[in-house]
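Structure file query_24.cif; described as mmCIF, C-alpha atoms.
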```cif
data_start
#
loop_
_atom_site.label_atom_id
_atom_site.label_comp_id
_atom_site.auth_asym_id
_atom_site.auth_seq_id
_atom_site.Cartn_x
_atom_site.Cartn_y
_atom_site.Cartn_z
CA MET L 1 -9.54 -0.48 20.51
CA HIS L 2 -12.26 1.20 18.43
CA GLU L 3 -14.94 -0.54 20.49
CA VAL L 4 -13.84 1.75 23.36
CA ASP L 5 -14.73 4.79 21.28
CA MET L 6 -17.94 3.19 20.05
CA THR L 7 -18.81 2.53 23.71
CA LYS L 8 -18.09 6.15 24.59
CA CYS L 9 -20.47 7.26 21.84
CA LEU L 10 -23.08 4.76 23.03
CA ILE L 11 -22.85 5.99 26.63
CA LEU L 12 -23.11 9.62 25.47
CA SER L 13 -26.26 8.74 23.53
CA MET L 14 -27.66 6.97 26.58
CA GLU L 15 -26.87 9.98 28.78
CA GLU L 16 -28.67 12.22 26.33
CA TRP L 17 -31.68 9.90 26.25
CA ALA L 18 -31.75 9.60 30.06
CA GLU L 19 -31.74 13.36 30.55
CA ARG L 20 -35.10 13.46 28.80
CA LYS L 21 -36.43 10.65 31.00
CA ASN L 22 -35.25 11.92 34.38
CA LYS L 23 -32.26 9.68 34.93
CA GLU L 24 -32.69 9.40 38.71
CA LYS L 25 -36.06 7.75 38.33
CA ILE L 26 -35.30 4.99 35.85
CA VAL L 27 -33.38 1.72 35.68
CA VAL L 28 -32.19 0.65 32.24
CA GLU L 29 -32.52 -3.09 31.76
CA LYS L 30 -31.64 -3.66 28.13
CA ILE L 31 -30.07 -1.59 25.39
CA ASN L 32 -31.06 -3.16 22.09
CA LEU L 33 -28.59 -2.51 19.29
CA LYS L 34 -28.62 -3.23 15.58
CA ILE L 35 -25.09 -3.77 14.32
CA GLY L 36 -24.51 -4.39 10.63
CA GLU L 37 -22.10 -7.06 9.47
CA PHE L 38 -20.36 -4.55 7.21
CA THR L 39 -19.12 -2.29 10.01
CA CYS L 40 -15.94 -2.12 12.03
CA VAL L 41 -17.65 -3.36 15.19
CA GLU L 42 -17.12 -6.79 16.70
CA PRO L 43 -20.27 -7.41 18.79
CA ILE L 44 -18.66 -9.41 21.62
CA SER L 45 -15.91 -6.79 22.01
CA LEU L 46 -18.53 -4.04 22.19
CA ILE L 47 -20.43 -5.93 24.91
CA ASN L 48 -17.27 -6.58 26.95
CA THR L 49 -16.09 -2.99 26.61
CA PHE L 50 -19.50 -1.64 27.56
CA ASN L 51 -19.69 -3.86 30.65
CA ALA L 52 -16.26 -2.66 31.78
CA ALA L 53 -17.04 0.98 31.03
CA VAL L 54 -20.34 1.18 32.92
CA PHE L 55 -19.18 -0.76 36.00
CA GLY L 56 -20.41 1.15 39.06
CA SER L 57 -22.31 3.70 36.98
CA TRP L 58 -26.04 4.26 36.51
CA LEU L 59 -25.92 1.81 33.57
CA ASP L 60 -24.23 -0.94 35.61
CA SER L 61 -27.29 -3.19 35.63
CA SER L 62 -28.08 -2.76 31.95
CA GLU L 63 -27.48 -5.42 29.36
CA ILE L 64 -26.48 -4.97 25.74
CA ILE L 65 -28.51 -7.06 23.30
CA ILE L 66 -27.17 -7.06 19.76
CA GLU L 67 -29.17 -7.94 16.68
CA THR L 68 -26.76 -8.55 13.84
CA ILE L 69 -27.97 -7.10 10.56
CA PRO L 70 -26.83 -9.17 7.59
CA PHE L 71 -24.69 -7.62 4.90
CA GLU L 72 -26.88 -7.44 1.82
CA GLY L 73 -26.17 -5.95 -1.58
CA ARG L 74 -28.03 -5.51 -4.84
CA CYS L 75 -26.74 -6.66 -8.21
CA SER L 76 -26.27 -3.65 -10.47
CA LYS L 77 -27.48 -5.57 -13.53
CA CYS L 78 -30.40 -7.83 -12.59
CA LYS L 79 -31.25 -5.90 -9.37
CA ASN L 80 -31.54 -9.09 -7.32
CA SER L 81 -30.47 -8.78 -3.71
CA TYR L 82 -27.72 -11.05 -2.43
CA TYR L 83 -25.44 -11.63 0.54
CA PRO L 84 -21.92 -10.55 -0.48
CA LYS L 85 -19.16 -12.92 0.62
CA LYS L 86 -15.54 -11.94 1.13
CA ASP L 87 -14.31 -15.22 -0.41
CA ASN L 88 -16.11 -14.27 -3.61
CA GLY L 89 -14.82 -10.68 -3.52
CA TYR L 90 -18.38 -9.50 -2.65
CA LYS L 91 -19.47 -10.19 -6.25
CA SER L 92 -23.08 -10.89 -7.13
CA PRO L 93 -23.59 -14.64 -7.62
CA CYS L 94 -26.25 -13.98 -10.28
CA CYS L 95 -24.25 -11.84 -12.73
CA ASN L 96 -20.74 -12.03 -11.21
CA LEU L 97 -20.52 -8.23 -10.89
CA ASN L 98 -18.69 -6.12 -8.30
CA LEU L 99 -20.63 -4.83 -5.32
CA GLU L 100 -22.12 -1.42 -6.08
CA GLU L 101 -25.17 -0.99 -3.87
CA ILE L 102 -25.31 -1.93 -0.22
CA ILE L 103 -28.91 -2.44 0.97
CA ARG L 104 -28.10 -3.10 4.62
CA GLY L 105 -25.28 -4.14 6.87
CA ARG L 106 -23.89 -0.65 7.69
CA GLU L 107 -26.15 -0.14 10.72
CA LEU L 108 -24.75 1.08 14.03
CA LYS L 109 -28.00 1.79 15.83
CA ILE L 110 -29.65 1.86 19.22
CA SER L 111 -32.99 0.39 18.19
CA SER L 112 -34.72 0.52 21.57
CA ILE L 113 -34.16 0.81 25.30
CA ASP L 114 -35.99 -1.35 27.85
CA PHE L 115 -36.28 0.30 31.25
CA LYS L 116 -38.31 0.47 34.45
CA GLU L 117 -39.34 3.41 36.52
CA LYS L 118 -38.20 3.24 40.15
CA MET W 1 -41.01 -1.00 40.61
CA HIS W 2 -43.34 -0.24 37.71
CA LEU W 3 -43.98 -2.35 34.64
CA PRO W 4 -41.16 -2.60 32.12
CA LEU W 5 -41.20 0.07 29.43
CA SER W 6 -39.59 0.17 26.03
CA ASP W 7 -38.50 3.23 24.12
CA LYS W 8 -37.99 2.68 20.40
CA ILE W 9 -35.48 5.30 19.35
CA GLU W 10 -33.67 3.96 16.22
CA LEU W 11 -30.75 6.27 16.90
CA ASN W 12 -27.34 6.00 15.26
CA ILE W 13 -24.76 5.18 17.94
CA LEU W 14 -22.44 7.71 16.33
CA HIS W 15 -25.12 10.38 15.96
CA LYS W 16 -23.34 12.90 18.18
CA ASN W 17 -20.21 12.56 16.07
CA SER W 18 -22.23 12.70 12.85
CA HIS W 19 -24.02 15.82 14.08
CA GLN W 20 -20.71 17.57 14.86
CA ALA W 21 -19.34 16.43 11.48
CA GLU W 22 -22.31 18.13 9.79
CA ILE W 23 -21.58 21.33 11.73
CA ASN W 24 -17.90 21.13 10.71
CA LYS W 25 -18.84 20.63 7.06
CA LYS W 26 -21.22 23.59 7.18
CA LYS W 27 -18.38 25.70 8.62
CA PHE W 28 -15.99 24.54 5.87
CA ASN W 29 -18.63 25.36 3.27
CA GLU W 30 -19.14 28.84 4.73
CA CYS W 31 -15.37 29.40 4.60
CA LYS W 32 -15.30 27.89 1.08
CA VAL W 33 -12.51 25.55 2.09
CA LEU W 34 -12.44 22.02 0.70
CA CYS W 35 -11.66 19.40 3.36
CA LEU W 36 -9.93 16.09 2.62
CA ASN W 37 -9.73 13.31 5.22
CA ILE W 38 -6.50 11.43 4.55
CA MET W 39 -6.43 7.94 6.03
CA SER W 40 -4.23 4.87 5.97
CA SER W 41 -2.41 2.39 8.16
CA PRO W 42 0.70 3.64 10.00
CA GLY W 43 3.75 3.93 7.76
CA SER W 44 2.02 3.99 4.39
CA GLY W 45 3.49 7.41 3.67
CA LYS W 46 0.80 9.98 4.51
CA THR W 47 3.14 12.61 5.91
CA LYS W 48 5.75 12.10 3.20
CA LEU W 49 3.01 12.41 0.58
CA LEU W 50 1.86 15.70 2.13
CA GLU W 51 5.43 17.02 2.35
CA LYS W 52 6.07 16.31 -1.32
CA THR W 53 2.63 17.51 -2.41
CA LEU W 54 2.78 20.77 -0.52
CA GLU W 55 6.36 21.66 -1.44
CA ASP W 56 4.97 22.71 -4.78
CA LEU W 57 1.23 23.04 -4.29
CA SER W 58 1.45 25.45 -1.34
CA LYS W 59 2.94 28.01 -3.73
CA LYS W 60 -0.18 27.86 -5.90
CA ILE W 61 -3.03 27.35 -3.46
CA LYS W 62 -3.71 28.31 0.14
CA VAL W 63 -3.54 25.21 2.28
CA ALA W 64 -3.63 24.28 5.96
CA VAL W 65 -3.18 20.94 7.68
CA LEU W 66 -4.73 19.38 10.76
CA GLU W 67 -2.26 16.71 11.79
CA GLY W 68 -3.63 13.80 13.82
CA ASP W 69 -1.26 11.70 15.88
CA MET W 70 -1.78 9.52 18.94
CA THR W 71 1.15 10.65 21.04
CA THR W 72 3.56 12.99 19.27
CA THR W 73 3.72 16.15 17.18
CA LEU W 74 6.58 14.81 15.02
CA ASP W 75 4.58 14.79 11.79
CA ALA W 76 3.26 18.31 12.42
CA ALA W 77 6.84 19.53 12.93
CA ARG W 78 7.83 18.06 9.55
CA LEU W 79 5.01 19.91 7.77
CA GLU W 80 5.58 23.20 9.59
CA LYS W 81 8.94 23.40 7.82
CA LEU W 82 6.97 24.11 4.64
CA ASN W 83 5.73 27.38 6.16
CA ILE W 84 2.09 26.43 6.03
CA PRO W 85 -0.37 26.60 8.94
CA VAL W 86 -0.35 23.25 10.74
CA VAL W 87 -2.32 22.35 13.84
CA PRO W 88 -1.33 19.14 15.61
CA ILE W 89 -4.13 17.12 17.17
CA THR W 90 -2.82 14.60 19.66
CA THR W 91 -5.52 12.04 20.29
CA GLY W 92 -4.05 10.31 23.35
CA ARG W 93 -5.30 6.74 23.32
CA ALA W 94 -7.90 7.29 20.61
CA CYS W 95 -6.98 5.58 17.36
CA HIS W 96 -8.77 8.03 15.07
CA LEU W 97 -9.79 11.65 14.79
CA ASP W 98 -13.40 12.43 15.54
CA ALA W 99 -15.53 15.42 14.56
CA ASN W 100 -15.08 17.14 17.90
CA MET W 101 -11.29 16.96 17.68
CA VAL W 102 -11.42 18.45 14.19
CA LYS W 103 -13.71 21.21 15.46
CA GLY W 104 -11.10 22.01 18.13
CA GLY W 105 -8.25 21.88 15.64
CA PHE W 106 -10.07 24.19 13.23
CA LYS W 107 -10.77 26.65 16.05
CA ILE W 108 -7.03 26.84 16.80
CA LEU W 109 -6.40 27.28 13.08
CA GLU W 110 -8.89 30.17 13.02
CA SER W 111 -6.89 31.89 15.78
CA LYS W 112 -3.80 31.76 13.54
CA ILE W 113 -5.22 32.59 10.11
CA ASN W 114 -8.36 33.71 8.34
CA PRO W 115 -9.83 30.38 7.14
CA THR W 116 -11.81 32.06 4.37
CA LEU W 117 -8.48 32.67 2.63
CA LEU W 118 -7.84 28.92 2.41
CA ASP W 119 -8.53 26.76 -0.62
CA ILE W 120 -8.07 23.41 1.05
CA LEU W 121 -7.82 21.86 4.50
CA LEU W 122 -5.95 18.57 4.63
CA VAL W 123 -6.67 16.44 7.66
CA GLU W 124 -4.12 13.70 8.22
CA ASN W 125 -5.90 11.09 10.29
CA VAL W 126 -4.27 8.74 12.79
CA GLY W 127 -2.66 5.70 11.14
CA ASN W 128 -5.33 3.01 11.28
CA LEU W 129 -7.37 1.17 8.64
CA VAL W 130 -10.34 0.47 10.92
CA CYS W 131 -11.83 3.27 13.05
CA PRO W 132 -11.27 6.36 10.87
CA ALA W 133 -13.58 4.78 8.31
CA GLU W 134 -16.54 4.99 10.71
CA PHE W 135 -15.96 8.43 12.24
CA GLU W 136 -16.88 11.29 9.92
CA ILE W 137 -15.13 14.60 10.57
CA GLY W 138 -16.98 16.88 8.15
CA GLU W 139 -14.80 16.09 5.15
CA HIS W 140 -15.88 16.54 1.54
CA PHE W 141 -13.78 13.62 0.32
CA LYS W 142 -12.03 10.66 1.87
CA VAL W 143 -8.61 9.70 0.54
CA ALA W 144 -7.20 6.31 1.53
CA LEU W 145 -3.54 5.43 1.08
CA LEU W 146 -2.28 1.88 0.73
CA SER W 147 1.41 1.14 0.27
CA ILE W 148 2.44 -1.81 -1.83
CA THR W 149 4.45 -3.24 1.08
CA GLU W 150 1.16 -3.87 2.90
CA GLY W 151 -0.04 -6.56 0.49
CA GLU W 152 -2.64 -6.95 -2.23
CA ASP W 153 -5.31 -8.32 0.10
CA LYS W 154 -5.81 -5.29 2.37
CA PRO W 155 -8.92 -3.91 0.62
CA LEU W 156 -10.62 -7.25 1.31
CA LYS W 157 -9.36 -7.38 4.90
CA TYR W 158 -10.38 -3.79 5.68
CA PRO W 159 -13.35 -3.39 3.31
CA VAL W 160 -15.12 -0.56 5.15
CA MET W 161 -12.15 1.78 4.75
CA PHE W 162 -11.87 1.15 1.02
CA ARG W 163 -15.63 1.19 0.52
CA GLU W 164 -15.76 4.67 2.06
CA ALA W 165 -12.82 6.10 0.10
CA ASP W 166 -13.43 8.44 -2.83
CA LEU W 167 -9.82 8.14 -3.92
CA VAL W 168 -7.26 5.41 -3.22
CA LEU W 169 -3.59 6.29 -3.56
CA ILE W 170 -1.38 3.24 -4.04
CA THR W 171 1.86 4.48 -2.51
CA LYS W 172 5.54 3.50 -2.67
CA VAL W 173 5.21 2.22 -6.24
CA ASP W 174 8.93 2.97 -6.75
CA LEU W 175 9.48 -0.30 -4.82
CA LEU W 176 7.60 -2.40 -7.39
CA PRO W 177 10.73 -3.73 -9.15
CA HIS W 178 12.04 -5.00 -5.81
CA LEU W 179 8.91 -6.77 -4.56
CA ASN W 180 6.88 -9.76 -5.56
CA PHE W 181 3.74 -7.67 -5.73
CA ASP W 182 0.81 -7.87 -8.12
CA ILE W 183 -0.53 -4.33 -8.51
CA ASP W 184 -3.32 -5.50 -10.83
CA GLU W 185 -4.56 -7.82 -8.11
CA LEU W 186 -4.55 -4.93 -5.65
CA LYS W 187 -6.53 -2.76 -8.07
CA SER W 188 -8.97 -5.59 -8.63
CA ASN W 189 -9.45 -5.95 -4.85
CA ILE W 190 -10.06 -2.20 -4.51
CA SER W 191 -12.64 -2.44 -7.28
CA LEU W 192 -14.33 -5.40 -5.58
CA THR W 193 -14.89 -3.42 -2.39
CA ASN W 194 -15.57 -0.11 -4.13
CA PRO W 195 -16.09 -0.05 -7.91
CA LYS W 196 -16.56 3.73 -7.81
CA ALA W 197 -13.24 4.60 -6.15
CA GLU W 198 -10.69 6.46 -8.22
CA VAL W 199 -7.18 4.98 -8.01
CA ILE W 200 -3.79 6.64 -8.53
CA GLU W 201 -0.38 4.92 -8.33
CA ILE W 202 2.05 7.24 -6.61
CA SER W 203 5.57 7.47 -5.18
CA SER W 204 6.98 10.24 -3.02
CA ILE W 205 10.49 9.14 -4.03
CA SER W 206 10.25 8.86 -7.83
CA MET W 207 7.33 11.36 -7.89
CA THR W 208 5.33 8.96 -10.07
CA GLY W 209 1.66 9.92 -10.12
CA PHE W 210 2.08 13.35 -8.53
CA ASP W 211 0.72 15.18 -11.56
CA LEU W 212 -2.42 13.05 -11.44
CA TRP W 213 -2.79 13.56 -7.68
CA LYS W 214 -2.28 17.32 -7.85
CA ASN W 215 -4.66 17.57 -10.80
CA TRP W 216 -7.24 15.62 -8.78
CA ILE W 217 -6.88 18.13 -5.93
CA SER W 218 -7.09 21.15 -8.27
CA LYS W 219 -10.16 19.74 -10.01
CA LYS W 220 -11.93 19.09 -6.69
CA ILE W 221 -11.14 22.64 -5.51
CA GLN W 222 -12.44 24.11 -8.76
CA GLU W 223 -15.66 22.08 -8.59
CA PHE W 224 -16.12 23.00 -4.94
CA LYS W 225 -15.60 26.75 -5.49
CA LYS W 226 -18.14 26.91 -8.31
#
```
With the file now loaded, output its structure as structure tokens.
Amino acid sequence: MHEVDMTKCLILSMEEWAERKNKEKIVVEKINLKIGEFTCVEPISLINTFNAAVFGSWLDSSEIIIETIPFEGRCSKCKNSYYPKKDNGYKSPCCNLNLEEIIRGRELKISSIDFKEK
Amino acid sequence: MHLPLSDKIELNILHKNSHQAEINKKKFNECKVLCLNIMSSPGSGKTKLLEKTLEDLSKKIKVAVLEGDMTTTLDAARLEKLNIPVVPITTGRACHLDANMVKGGFKILESKINPTLLDILLVENVGNLVCPAEFEIGEHFKVALLSITEGEDKPLKYPVMFREADLVLITKVDLLPHLNFDIDELKSNISLTNPKAEVIEISSISMTGFDLWKNWISKKIQEFKK
């Protein structure tokens, strides 16, 4: 259900962006998103919800492209970066320490918008 | 048609919510009221915890509650019996409170009382371990509740919620003798997702842990008012 609210936020951001571009004169082709693995968003659910939400609207012909950002942490002792795994309790494989620092994987971003002018 | 164009914006999808949350926090700071965002799954005991906490605490500090609920005002009605200002926020189909809802709730609160007289604003979020973790409301601290009947594995299954929490209250610990539950395993799982989180074992029936919880609140208010 939270993808519905994420979609609402995404559409609001798009509306805001389009107001600066003169919405009547553009066609959005692709909305490129960066979604971190350590977020509450399931990419396919977000795409399906978006497609349903924009049906018949000015964003009807736009496509969501999602780049998944890996979940990456840094070991608090040796400072090496690593990919935390749930099965391992997110511990660092190098020093077997609990996850303290998250380097990336929390992103919920619109990275870019591909569009054409009419 | 013209050639395709690309606009690199690198904008947080939730930026409008985050922006409103910043405005809310600024408002709370101006009023010198500490705001706690209280989150958990449905039925973990948020409202009961607030009832038992405020029975005593509301005599010592000035407190108000914003009470989030999807469809009813039942929880707000329970807390109103304590003669404290309570504003229900019914979210409809939304499974979390967002910053705009809290802004609206606080505005209603301002029409009832002078918010600068408050010490603390408790916001009881909608019961859900997923969405509330992503939607900031302007809070100073996030408090996550997890009842022992939910299982030891929940911090691993809902890691974002427990990663975001400043304090985790393990609730319903009076049931420990009756359940096959490993509280050390739960604490270990909380620590795996968030080594910095403070943890308190608590029961609204036996009142275990209430001194620690109320001391935590008092300490945070003192630090905030400095």
So which residues get picked by the PyMOL selection byres ((chain L) within 6 of (chain W)) here, written as a short mmCIF file (atom, residue, chain, number, x, y, z; two decimals) with C-alpha atoms, in the frame of the given file?
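Output (part-v6.cif):
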```
data_model
loop_
_atom_site.label_atom_id
_atom_site.label_comp_id
_atom_site.auth_asym_id
_atom_site.auth_seq_id
_atom_site.Cartn_x
_atom_site.Cartn_y
_atom_site.Cartn_z
CA HIS L 2 -12.26 1.20 18.43
CA CYS L 9 -20.47 7.26 21.84
CA LEU L 10 -23.08 4.76 23.03
CA GLY L 89 -14.82 -10.68 -3.52
CA ASN L 98 -18.69 -6.12 -8.30
CA LEU L 108 -24.75 1.08 14.03
CA LYS L 109 -28.00 1.79 15.83
CA ILE L 110 -29.65 1.86 19.22
CA SER L 111 -32.99 0.39 18.19
CA SER L 112 -34.72 0.52 21.57
CA ILE L 113 -34.16 0.81 25.30
CA ASP L 114 -35.99 -1.35 27.85
CA PHE L 115 -36.28 0.30 31.25
CA LYS L 116 -38.31 0.47 34.45
CA GLU L 117 -39.34 3.41 36.52
CA LYS L 118 -38.20 3.24 40.15
#
```
Rounded to one decimal, what separation in Å do you get between atom CA of Glu37 of chain L and atom CA of Phe71 of chain L? 5.3 Å
Using the chain letters and numbering of this document, enumerate as a CSV table (one decimal) with C-alpha atoms, in the coordinates of the input the residues selected by the PyMOL selection byres ((chain L and resi 67) around 7).
```
chain,number,residue,atom,x,y,z
L,33,LEU,CA,-28.6,-2.5,19.3
L,34,LYS,CA,-28.6,-3.2,15.6
L,35,ILE,CA,-25.1,-3.8,14.3
L,65,ILE,CA,-28.5,-7.1,23.3
L,66,ILE,CA,-27.2,-7.1,19.8
L,68,THR,CA,-26.8,-8.6,13.8
L,69,ILE,CA,-28.0,-7.1,10.6
```
Hits from the PyMOL selection byres ((chain L and resi 106) around 7), listed as a list of chain:residue names: L:Gly36, L:Glu37, L:Phe38, L:Thr39, L:Arg104, L:Gly105, L:Glu107, L:Leu108
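At a cut-off of 8 Å from (-4.9, 17.0, 17.1), the residue set is Leu66, Glu67, Gly68, Asp69, Val87, Pro88, Ile89, Thr90, Thr91, Leu97, Met101, Val102 and Gly105 of chain W (counting all atoms listed in the file).
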Go ahead and write the residues just picked, C-alpha atoms, as a tab-separated table (two decimals), keeping the file's coordinate frame.
```tsv
chain	number	residue	atom	x	y	z
W	66	LEU	CA	-4.73	19.38	10.76
W	67	GLU	CA	-2.26	16.71	11.79
W	68	GLY	CA	-3.63	13.80	13.82
W	69	ASP	CA	-1.26	11.70	15.88
W	87	VAL	CA	-2.32	22.35	13.84
W	88	PRO	CA	-1.33	19.14	15.61
W	89	ILE	CA	-4.13	17.12	17.17
W	90	THR	CA	-2.82	14.60	19.66
W	91	THR	CA	-5.52	12.04	20.29
W	97	LEU	CA	-9.79	11.65	14.79
W	101	MET	CA	-11.29	16.96	17.68
W	102	VAL	CA	-11.42	18.45	14.19
W	105	GLY	CA	-8.25	21.88	15.64
```
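Here atom CA of Cys95 of chain L stands at a distance of 11.4 Å from atom CA of Ser81 of chain L.
Closest to Lys23 of chain L among L:Ile47, L:Ala53, L:Leu59, L:Val41 is L:Leu59, based on all atoms listed in the file.
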Answer as number ranges by chain, residues within 12 Å of (-30.5, -13.4, -6.3) using only C-alpha atoms: L: 72-84, 91-96
Would you give the centre and edge lengths, in Å to one decimal, of a box along x, y and z around the listed atoms of segment 40-50 of chain W, with 4 Å added to each side, as lines of an AutoDock Vina configuration file?
```
center_x = 0.8
center_y = 9.0
center_z = 5.3
size_x = 18.0
size_y = 21.3
size_z = 17.4
```
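Taking atom CA of Phe210 of chain W as the reference point, atom CA of Thr53 of chain W is found at 7.4 Å.
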Can you list, as a ChimeraX atom specification, every protein, DNA or RNA residue that comes within 10 Å of Asp119 of chain W when you count only C-alpha atoms, leaving out same-chain residues fewer than 6 positions away? /W:31-35,60-64,218,221-222,224-225
